[in-house]
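Scroll down for the structure; my scribbles are underneath it.
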Number of protein chains: 2
Amino acid sequence: MSSQAPIGVFDSGVGGLTVAREIMRQIPNEKIVYFGDTARLPYGSKSQSTIIRFARQIVNFLNTCEVKAIAVACNTASAYALDVIEREVDIPMIGVVKPGARTAVRTTKNGRIGVIATDATVNSGMYTRYIHSLNPDLAVYSKACPLFVPLVEEGMLHDFVTEEIANRYLAELKQQNIDTLILGCTHYPLLRTLIGKCMGMSVQLVNPAYETAISLREMLREKDLLAEPLPENETPAHRFFVSDGAEKFEIFANSILPYDIRKTEVIDIEGY
Amino acid sequence: MSSQAPIGVFDSGVGGLTVAREIMRQIPNEKIVYFGDTARLPYGSKSQSTIIRFARQIVNFLNTCEVKAIAVACNTASAYALDVIEREVDIPMIGVVKPGARTAVRTTKNGRIGVIATDATVNSGMYTRYIHSLNPDLAVYSKACPLFVPLVEEGMLHDFVTEEIANRYLAELKQQNIDTLILGCTHYPLLRTLIGKCMGMSVQLVNPAYETAISLREMLREKDLLAEPLPENETPAHRFFVSDGAEKFEIFANSILPYDIRKTEVIDIEGY
C-alpha cells in the first residue's frame, strides 16, 4: 500500500462532504476519492441487509481506485455495515459512529448523552452500544428525526417550521437532562444553530465529522500511510463520483467545499 | 398472451398500493403482481436516466412473472420512463400521468389546471405537455412539493405544520385561480382533506389512481385480455414483491388494502 494513494470517502449523498471537508482541513496533503450514492439515497430508512449490499458495492468501486484507506462518512452505513465489511477487505476502514461516540464520552460531565440520527442509525443501537463499551455507567437517549434531512434539503435551515419540528423531536431529550448531544447524521450539523437554540446553552453539540478526520489521521500515522507534503501552492487532486445527478451534486459540493469541483463522474454502482 | 395472466403494478414504494387498490375495486377478477422498489425509493428527486434504468429492471422482473399488462403506479416513473420503455417491450403498458391529465381536462370549467408532484415529475413537464396535446388553450400551473412525502411518512396527515407547509406550496396555485388540481404523486391523496381545505371548495381535486384503473380496464377489454370471472367466494391470488423491508411494507399495505397480505418477497432488483 502506497502512502501516496488516495483515501476513499463515501456517503449516501452529499452529507458526507462535511466529513470530506474536515479531512481536507486536518490532513491537507491527502487526495480524496469521494463517492455519493445519490441514485439510492437516503439510507436512513432502509434495512441492514440492503445497506450492507450497497456499502459492499461502494467499497468494491473504491478499491478499483486503489485507495489506501476508507472513511465511511455516513452514520447509517457506519452503524449497519462497517463491522461486517471491514472483516471482508484488507484495507483499513473508519466510520463516523465510534469517533463521535468517543468525543461524547469525553465531553459529558453529568453522564447523560443524547443521540439524534436517522431511523436506521437509531434502530441499530450502535451509538449506545459503543458508548457503553467505553463506559457502561453513562445514560444514552436516542431519537430518530426523519424530517431533518428533507427540511435541510428544502433549505429551511432557519425556519419556524423546522424549529417547531425540532422542538417536538427534542422534547424527550430535554426532559432527560442530557448535557451532550451527538449530531448523528451528516446533514444535522447544518441545523446546528437551531438545534443549539432548542436544547439551550448547557448542552454541548458533538459533530462526529471533526473527530473522524482526527481519528483517520491517527490511523494513517500508525500505519505509516500519511501522504508526503505537497510542493508549495499545489493542492491534492481529489476526485468525485456519484451514482446520479452530477450537476446537482456539484452545486451543493461547491457551496460547502473550500474549492470548486470541476468534474463529477457518474458511475453505475450496481455493477460493482 | 393469456387473459388469465396477472397484471404487473409497480411503484418506488408503498404509494402505488393506492393504484393497486383501485384496480382491485374496478376489475376485481384480476390477479396483481405488485413490486415496490423500497431499496431505492424515493424516485422523485432522481434523474431521468436513473429512473429509466430502475424501471427497465422492474419491467424485466415483471416479465419473469409472465404479466399480461403493466401499470406504472408511480407518477415520476410514468413521466420519465414510460414512453421509452413501452417501445422496448411487447407488453401493453399504462401510466398514471395520462389518465390523470385526461380527467383534469374533462373536469376544469375555467380552463386553469394545477399540478402538484415531486421535483422530477414537475421537471419532466409531462403533465403540462399531455394536457396541452388534448387542449392547447388550457393553462397549467405546476408546483413541486418535496416535503409532502416525508410528512405523510411521519404520519402528520392532520398537523398544523403540514398545513403551514401546504399553504406555502399552494399559495402560487391559489393566486392563479385554478379550479382543478391534480394530485400528481401517489402519496398526496392521503393529504386530500388538508389540501382541499387549503385550496377551498371551488377547486376539484383529481386523484389519478381511480382514472388509471378505469383506463386499464378499457385497455384490457380492447385487447380481449380481461380475466374470466372467478368462482364465487374466490379472490385472486395477488403477489407482492419489494427490494427491501418486507415487514414495513406489509404493515402499510395491510392498512390500506381490503385484505391482509400474508407474504411479501424481497428480491434483488439490481440483478434484472
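Chain identifiers are assigned as A, B, and so on, following the order in which chains appear in the C-alpha cells; residues are numbered from 1 within each chain, and ligands are numbered from 1 in order of appearance.
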Long-range neighbours of Ala69 (chain B) as a list of chain:residue names, 9 Å cut-off, only C-alpha atoms, 2 positions minimum in chain: B:Ala5, B:Pro6, B:Ile7, B:Gly8, B:Val9, B:Val67, B:Ala71, B:Ile91, B:Pro92, B:Met93, B:Ile94, B:Leu216, B:Leu220, B:Leu225
Would you give me, as a VMD selection string, the residues of chain B that come within 10 Å of chain A, using only C-alpha atoms? chain B and resid 38 to 43 45 to 51 54 145 to 151 153 to 154 160 to 162 164 to 165 243 to 246 248 268 270 to 271
Could I get chain B fitted onto chain A (least squares, all C-alpha atoms, in order) as a CSV table (one decimal) with C-alpha atoms, in the first residue's frame?
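Full text of selection_7.csv as output:
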```csv
chain,number,residue,atom,x,y,z
B,1,MET,CA,0.0,0.0,0.0
B,2,SER,CA,1.5,3.3,-1.0
B,3,SER,CA,1.2,6.3,1.3
B,4,GLN,CA,0.6,8.4,-1.9
B,5,ALA,CA,-2.6,6.5,-2.7
B,6,PRO,CA,-5.9,8.4,-2.2
B,7,ILE,CA,-8.4,8.0,0.7
B,8,GLY,CA,-11.8,6.7,-0.2
B,9,VAL,CA,-14.7,8.6,1.4
B,10,PHE,CA,-18.3,7.6,0.8
B,11,ASP,CA,-21.9,8.6,1.9
B,12,SER,CA,-25.4,8.1,0.6
B,13,GLY,CA,-25.3,11.5,-0.9
B,14,VAL,CA,-23.9,15.0,-0.3
B,15,GLY,CA,-23.9,14.9,3.5
B,16,GLY,CA,-20.5,13.1,3.7
B,17,LEU,CA,-18.9,16.2,2.1
B,18,THR,CA,-18.9,17.7,5.6
B,19,VAL,CA,-16.6,14.8,6.6
B,20,ALA,CA,-14.5,15.2,3.4
B,21,ARG,CA,-14.1,18.9,4.2
B,22,GLU,CA,-12.8,18.1,7.7
B,23,ILE,CA,-10.3,15.6,6.2
B,24,MET,CA,-9.1,18.3,3.8
B,25,ARG,CA,-8.6,20.6,6.7
B,26,GLN,CA,-6.9,18.2,9.1
B,27,ILE,CA,-4.7,16.3,6.6
B,28,PRO,CA,-4.4,18.7,3.7
B,29,ASN,CA,-1.9,16.6,1.8
B,30,GLU,CA,-4.2,13.7,1.3
B,31,LYS,CA,-6.0,13.0,-2.0
B,32,ILE,CA,-9.7,12.0,-1.6
B,33,VAL,CA,-11.8,9.8,-3.9
B,34,TYR,CA,-15.4,10.7,-2.9
B,35,PHE,CA,-18.4,8.6,-3.8
B,36,GLY,CA,-22.0,9.8,-3.1
B,37,ASP,CA,-24.8,7.2,-3.7
B,38,THR,CA,-27.3,9.7,-5.0
B,39,ALA,CA,-29.2,7.2,-7.0
B,40,ARG,CA,-30.2,5.2,-4.0
B,41,LEU,CA,-30.3,7.8,-1.2
B,42,PRO,CA,-31.5,8.1,1.5
B,43,TYR,CA,-30.0,5.2,3.5
B,44,GLY,CA,-31.6,6.1,6.8
B,45,SER,CA,-35.0,4.4,6.2
B,46,LYS,CA,-33.6,1.2,4.8
B,47,SER,CA,-32.7,-2.2,6.2
B,48,GLN,CA,-29.4,-3.5,7.4
B,49,SER,CA,-29.1,-6.1,4.6
B,50,THR,CA,-29.7,-3.5,1.9
B,51,ILE,CA,-27.2,-1.0,3.5
B,52,ILE,CA,-24.6,-3.8,3.7
B,53,ARG,CA,-25.1,-4.7,0.0
B,54,PHE,CA,-24.9,-1.0,-1.1
B,55,ALA,CA,-21.7,-0.4,1.1
B,56,ARG,CA,-20.1,-3.6,-0.3
B,57,GLN,CA,-20.6,-2.3,-3.9
B,58,ILE,CA,-19.1,1.1,-3.0
B,59,VAL,CA,-16.1,-0.5,-1.3
B,60,ASN,CA,-15.5,-2.6,-4.4
B,61,PHE,CA,-15.7,0.5,-6.5
B,62,LEU,CA,-13.3,2.4,-4.2
B,63,ASN,CA,-10.8,-0.5,-4.4
B,64,THR,CA,-10.7,-0.1,-8.2
B,65,CYS,CA,-9.4,3.5,-7.4
B,66,GLU,CA,-6.6,1.9,-5.3
B,67,VAL,CA,-7.4,3.7,-2.1
B,68,LYS,CA,-5.2,3.2,0.9
B,69,ALA,CA,-8.0,3.7,3.5
B,70,ILE,CA,-11.7,4.2,3.5
B,71,ALA,CA,-13.7,6.6,5.6
B,72,VAL,CA,-17.4,5.8,5.9
B,73,ALA,CA,-18.9,9.3,6.1
B,74,CYS,CA,-22.4,8.1,6.6
B,75,ASN,CA,-23.8,7.4,10.0
B,76,THR,CA,-26.2,4.7,8.8
B,77,ALA,CA,-23.6,2.8,6.8
B,78,SER,CA,-21.1,3.2,9.7
B,79,ALA,CA,-23.7,1.8,12.1
B,80,TYR,CA,-25.0,-1.0,9.9
B,81,ALA,CA,-22.3,-2.1,7.5
B,82,LEU,CA,-18.8,-1.1,8.8
B,83,ASP,CA,-18.2,-4.0,11.2
B,84,VAL,CA,-19.2,-6.6,8.5
B,85,ILE,CA,-17.3,-5.1,5.6
B,86,GLU,CA,-14.0,-4.3,7.4
B,87,ARG,CA,-13.7,-8.1,8.0
B,88,GLU,CA,-14.0,-8.7,4.3
B,89,VAL,CA,-11.3,-6.3,3.0
B,90,ASP,CA,-7.6,-5.8,3.6
B,91,ILE,CA,-7.9,-2.0,3.6
B,92,PRO,CA,-8.1,0.0,6.9
B,93,MET,CA,-11.6,1.5,7.4
B,94,ILE,CA,-13.0,4.1,9.7
B,95,GLY,CA,-16.6,5.2,10.3
B,96,VAL,CA,-18.2,8.3,12.0
B,97,VAL,CA,-20.0,6.5,14.8
B,98,LYS,CA,-17.1,5.5,17.0
B,99,PRO,CA,-15.2,8.8,16.8
B,100,GLY,CA,-18.4,10.7,17.5
B,101,ALA,CA,-19.2,8.4,20.5
B,102,ARG,CA,-15.7,8.8,21.9
B,103,THR,CA,-16.0,12.6,21.8
B,104,ALA,CA,-19.4,12.5,23.5
B,105,VAL,CA,-18.0,10.2,26.3
B,106,ARG,CA,-15.1,12.7,26.9
B,107,THR,CA,-17.5,15.7,26.7
B,108,THR,CA,-20.3,14.7,29.1
B,109,LYS,CA,-20.0,15.9,32.7
B,110,ASN,CA,-23.3,14.6,34.1
B,111,GLY,CA,-23.1,11.2,32.3
B,112,ARG,CA,-26.3,11.8,30.2
B,113,ILE,CA,-25.8,11.7,26.4
B,114,GLY,CA,-28.4,12.2,23.7
B,115,VAL,CA,-28.1,10.9,20.1
B,116,ILE,CA,-30.2,12.2,17.2
B,117,ALA,CA,-30.0,10.3,13.9
B,118,THR,CA,-31.9,8.6,11.2
B,119,ASP,CA,-34.4,5.7,11.9
B,120,ALA,CA,-31.8,3.1,10.8
B,121,THR,CA,-29.0,4.5,12.9
B,122,VAL,CA,-31.2,4.7,16.0
B,123,ASN,CA,-32.6,1.2,15.4
B,124,SER,CA,-29.0,-0.2,15.0
B,125,GLY,CA,-28.3,0.8,18.6
B,126,MET,CA,-24.7,1.3,17.6
B,127,TYR,CA,-24.1,4.6,19.3
B,128,THR,CA,-25.5,3.3,22.6
B,129,ARG,CA,-23.5,0.0,22.4
B,130,TYR,CA,-20.3,1.8,21.7
B,131,ILE,CA,-20.7,4.4,24.4
B,132,HIS,CA,-21.5,1.6,26.9
B,133,SER,CA,-18.4,-0.3,25.8
B,134,LEU,CA,-16.4,2.8,26.8
B,135,ASN,CA,-18.3,3.5,30.0
B,136,PRO,CA,-21.3,1.3,31.0
B,137,ASP,CA,-22.4,3.9,33.6
B,138,LEU,CA,-23.4,6.5,31.0
B,139,ALA,CA,-27.0,7.0,30.2
B,140,VAL,CA,-27.8,7.3,26.4
B,141,TYR,CA,-31.1,8.6,25.0
B,142,SER,CA,-31.7,8.3,21.2
B,143,LYS,CA,-34.2,9.9,19.0
B,144,ALA,CA,-34.8,9.5,15.3
B,145,CYS,CA,-35.5,12.8,13.4
B,146,PRO,CA,-36.7,11.7,9.9
B,147,LEU,CA,-37.9,15.1,8.8
B,148,PHE,CA,-34.5,16.9,9.4
B,149,VAL,CA,-32.9,15.7,6.2
B,150,PRO,CA,-35.8,16.7,3.9
B,151,LEU,CA,-36.1,20.1,5.7
B,152,VAL,CA,-32.4,20.7,5.2
B,153,GLU,CA,-32.7,19.7,1.6
B,154,GLU,CA,-35.6,22.3,1.2
B,155,GLY,CA,-33.2,24.9,2.6
B,156,MET,CA,-35.4,25.5,5.7
B,157,LEU,CA,-32.4,25.9,8.0
B,158,HIS,CA,-33.8,28.9,9.9
B,159,ASP,CA,-37.5,28.4,9.6
B,160,PHE,CA,-40.1,28.4,12.4
B,161,VAL,CA,-41.5,25.2,10.9
B,162,THR,CA,-38.2,23.5,11.4
B,163,GLU,CA,-38.0,24.9,14.8
B,164,GLU,CA,-41.4,23.5,15.7
B,165,ILE,CA,-40.4,20.1,14.4
B,166,ALA,CA,-37.1,20.3,16.3
B,167,ASN,CA,-38.9,21.2,19.5
B,168,ARG,CA,-41.1,18.1,19.1
B,169,TYR,CA,-38.3,15.7,18.3
B,170,LEU,CA,-36.0,17.1,21.0
B,171,ALA,CA,-38.6,17.4,23.8
B,172,GLU,CA,-37.9,13.9,25.2
B,173,LEU,CA,-34.2,14.5,25.2
B,174,LYS,CA,-34.6,17.8,27.1
B,175,GLN,CA,-36.6,16.1,29.7
B,176,GLN,CA,-33.8,13.6,30.2
B,177,ASN,CA,-31.5,16.4,31.3
B,178,ILE,CA,-28.7,15.5,28.8
B,179,ASP,CA,-25.6,17.7,28.7
B,180,THR,CA,-24.2,16.3,25.4
B,181,LEU,CA,-25.9,15.7,22.1
B,182,ILE,CA,-24.4,13.8,19.2
B,183,LEU,CA,-25.5,15.1,15.8
B,184,GLY,CA,-25.6,11.5,14.4
B,185,CYS,CA,-26.4,12.3,10.7
B,186,THR,CA,-24.2,14.2,8.4
B,187,HIS,CA,-27.0,16.7,7.5
B,188,TYR,CA,-27.7,17.7,11.1
B,189,PRO,CA,-24.7,20.0,11.6
B,190,LEU,CA,-26.4,22.3,9.1
B,191,LEU,CA,-29.2,22.7,11.7
B,192,ARG,CA,-26.6,23.3,14.5
B,193,THR,CA,-27.8,26.8,15.4
B,194,LEU,CA,-31.5,25.9,15.6
B,195,ILE,CA,-30.8,22.6,17.5
B,196,GLY,CA,-28.5,24.6,19.9
B,197,LYS,CA,-31.2,27.2,20.5
B,198,CYS,CA,-33.8,24.5,21.2
B,199,MET,CA,-31.5,22.5,23.6
B,200,GLY,CA,-30.1,25.5,25.4
B,201,MET,CA,-26.6,26.7,26.2
B,202,SER,CA,-25.9,23.9,28.7
B,203,VAL,CA,-25.9,21.2,26.1
B,204,GLN,CA,-22.8,20.6,24.1
B,205,LEU,CA,-23.3,19.5,20.5
B,206,VAL,CA,-20.9,16.9,19.1
B,207,ASN,CA,-20.3,16.8,15.3
B,208,PRO,CA,-18.6,13.4,14.5
B,209,ALA,CA,-17.1,14.8,11.3
B,210,TYR,CA,-14.3,16.6,13.1
B,211,GLU,CA,-13.4,13.7,15.3
B,212,THR,CA,-13.5,11.3,12.4
B,213,ALA,CA,-10.9,13.3,10.5
B,214,ILE,CA,-8.6,13.4,13.6
B,215,SER,CA,-9.0,9.6,14.1
B,216,LEU,CA,-8.3,9.0,10.4
B,217,ARG,CA,-5.1,11.0,10.7
B,218,GLU,CA,-4.0,8.9,13.7
B,219,MET,CA,-4.8,5.7,11.9
B,220,LEU,CA,-2.7,6.7,8.8
B,221,ARG,CA,0.2,7.8,11.0
B,222,GLU,CA,0.2,4.5,12.9
B,223,LYS,CA,0.2,2.5,9.7
B,224,ASP,CA,2.8,4.8,8.2
B,225,LEU,CA,0.4,5.8,5.4
B,226,LEU,CA,0.3,9.6,5.7
B,227,ALA,CA,0.9,11.3,2.4
B,228,GLU,CA,4.2,13.2,1.8
B,229,PRO,CA,3.9,17.0,1.9
B,230,LEU,CA,3.0,18.5,-1.4
B,231,PRO,CA,5.2,21.1,-3.3
B,232,GLU,CA,4.2,24.6,-2.4
B,233,ASN,CA,1.0,26.0,-4.1
B,234,GLU,CA,0.0,22.5,-5.1
B,235,THR,CA,-3.4,21.0,-4.0
B,236,PRO,CA,-4.2,17.3,-4.0
B,237,ALA,CA,-6.1,16.0,-7.0
B,238,HIS,CA,-9.4,15.0,-5.3
B,239,ARG,CA,-11.9,13.0,-7.4
B,240,PHE,CA,-15.7,12.9,-7.1
B,241,PHE,CA,-18.1,10.2,-8.2
B,242,VAL,CA,-21.9,9.8,-7.8
B,243,SER,CA,-24.5,7.3,-8.9
B,244,ASP,CA,-26.9,10.0,-10.2
B,245,GLY,CA,-27.3,13.8,-10.8
B,246,ALA,CA,-23.7,15.0,-11.1
B,247,GLU,CA,-24.7,18.6,-11.7
B,248,LYS,CA,-27.0,18.8,-8.6
B,249,PHE,CA,-24.2,17.3,-6.5
B,250,GLU,CA,-21.6,19.8,-7.8
B,251,ILE,CA,-23.8,22.8,-6.9
B,252,PHE,CA,-24.1,21.5,-3.3
B,253,ALA,CA,-20.4,20.5,-3.1
B,254,ASN,CA,-19.2,23.8,-4.4
B,255,SER,CA,-21.3,25.6,-1.7
B,256,ILE,CA,-19.5,23.8,1.1
B,257,LEU,CA,-16.0,22.8,-0.1
B,258,PRO,CA,-13.1,25.2,0.1
B,259,TYR,CA,-12.5,24.9,-3.7
B,260,ASP,CA,-14.5,24.3,-6.8
B,261,ILE,CA,-15.1,20.8,-8.2
B,262,ARG,CA,-14.7,20.9,-11.9
B,263,LYS,CA,-15.8,17.4,-12.8
B,264,THR,CA,-18.0,14.8,-11.1
B,265,GLU,CA,-18.3,11.4,-12.8
B,266,VAL,CA,-21.5,9.3,-12.7
B,267,ILE,CA,-20.8,5.6,-12.4
B,268,ASP,CA,-23.2,2.6,-12.4
B,269,ILE,CA,-22.6,1.4,-8.8
B,270,GLU,CA,-24.9,-1.6,-9.2
B,271,GLY,CA,-22.3,-3.1,-11.4
B,272,TYR,CA,-19.7,-3.4,-8.6
```
Within region 44-246 of chain B, find each residue whose DSSP state, derived from the backbone, is strand (DSSP E or B), and express the selection as number ranges by chain. B: 69-72, 93-95, 112-117, 139-144, 180-183, 204-206, 239-242
May I have the selected residues written with C-alpha atoms, as a PDB file, in the first residue's frame?
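out01.pdb was written with the following content:
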```
ATOM      1  CA  ALA B  69     -50.004  -5.841 -18.876  1.00  0.00           C
ATOM      2  CA  ILE B  70     -48.115  -3.380 -16.683  1.00  0.00           C
ATOM      3  CA  ALA B  71     -49.466  -0.390 -14.769  1.00  0.00           C
ATOM      4  CA  VAL B  72     -46.790   2.121 -13.782  1.00  0.00           C
ATOM      5  CA  MET B  93     -48.313  -0.580 -20.507  1.00  0.00           C
ATOM      6  CA  ILE B  94     -50.237   2.218 -18.813  1.00  0.00           C
ATOM      7  CA  GLY B  95     -49.080   5.014 -16.507  1.00  0.00           C
ATOM      8  CA  ARG B 112     -56.972  26.639 -15.344  1.00  0.00           C
ATOM      9  CA  ILE B 113     -55.411  23.425 -14.004  1.00  0.00           C
ATOM     10  CA  GLY B 114     -52.864  22.977 -11.207  1.00  0.00           C
ATOM     11  CA  VAL B 115     -50.471  20.037 -10.804  1.00  0.00           C
ATOM     12  CA  ILE B 116     -48.641  19.187  -7.584  1.00  0.00           C
ATOM     13  CA  ALA B 117     -45.992  16.477  -7.748  1.00  0.00           C
ATOM     14  CA  ALA B 139     -53.417  26.968 -18.644  1.00  0.00           C
ATOM     15  CA  VAL B 140     -51.353  24.601 -16.475  1.00  0.00           C
ATOM     16  CA  TYR B 141     -49.529  25.617 -13.274  1.00  0.00           C
ATOM     17  CA  SER B 142     -47.152  23.108 -11.646  1.00  0.00           C
ATOM     18  CA  LYS B 143     -45.583  23.091  -8.215  1.00  0.00           C
ATOM     19  CA  ALA B 144     -43.184  20.571  -6.653  1.00  0.00           C
ATOM     20  CA  THR B 180     -58.834  21.756 -10.822  1.00  0.00           C
ATOM     21  CA  LEU B 181     -55.800  20.319  -9.021  1.00  0.00           C
ATOM     22  CA  ILE B 182     -54.088  17.045  -9.986  1.00  0.00           C
ATOM     23  CA  LEU B 183     -52.613  15.168  -7.013  1.00  0.00           C
ATOM     24  CA  GLN B 204     -61.761  19.961  -7.658  1.00  0.00           C
ATOM     25  CA  LEU B 205     -59.011  17.510  -6.635  1.00  0.00           C
ATOM     26  CA  VAL B 206     -58.094  14.831  -9.193  1.00  0.00           C
ATOM     27  CA  ARG B 239     -48.421 -11.406  -5.154  1.00  0.00           C
ATOM     28  CA  PHE B 240     -46.222  -8.731  -3.542  1.00  0.00           C
ATOM     29  CA  PHE B 241     -42.520  -8.098  -4.026  1.00  0.00           C
ATOM     30  CA  VAL B 242     -40.200  -5.396  -2.693  1.00  0.00           C
TER      31      VAL B 242
END
```
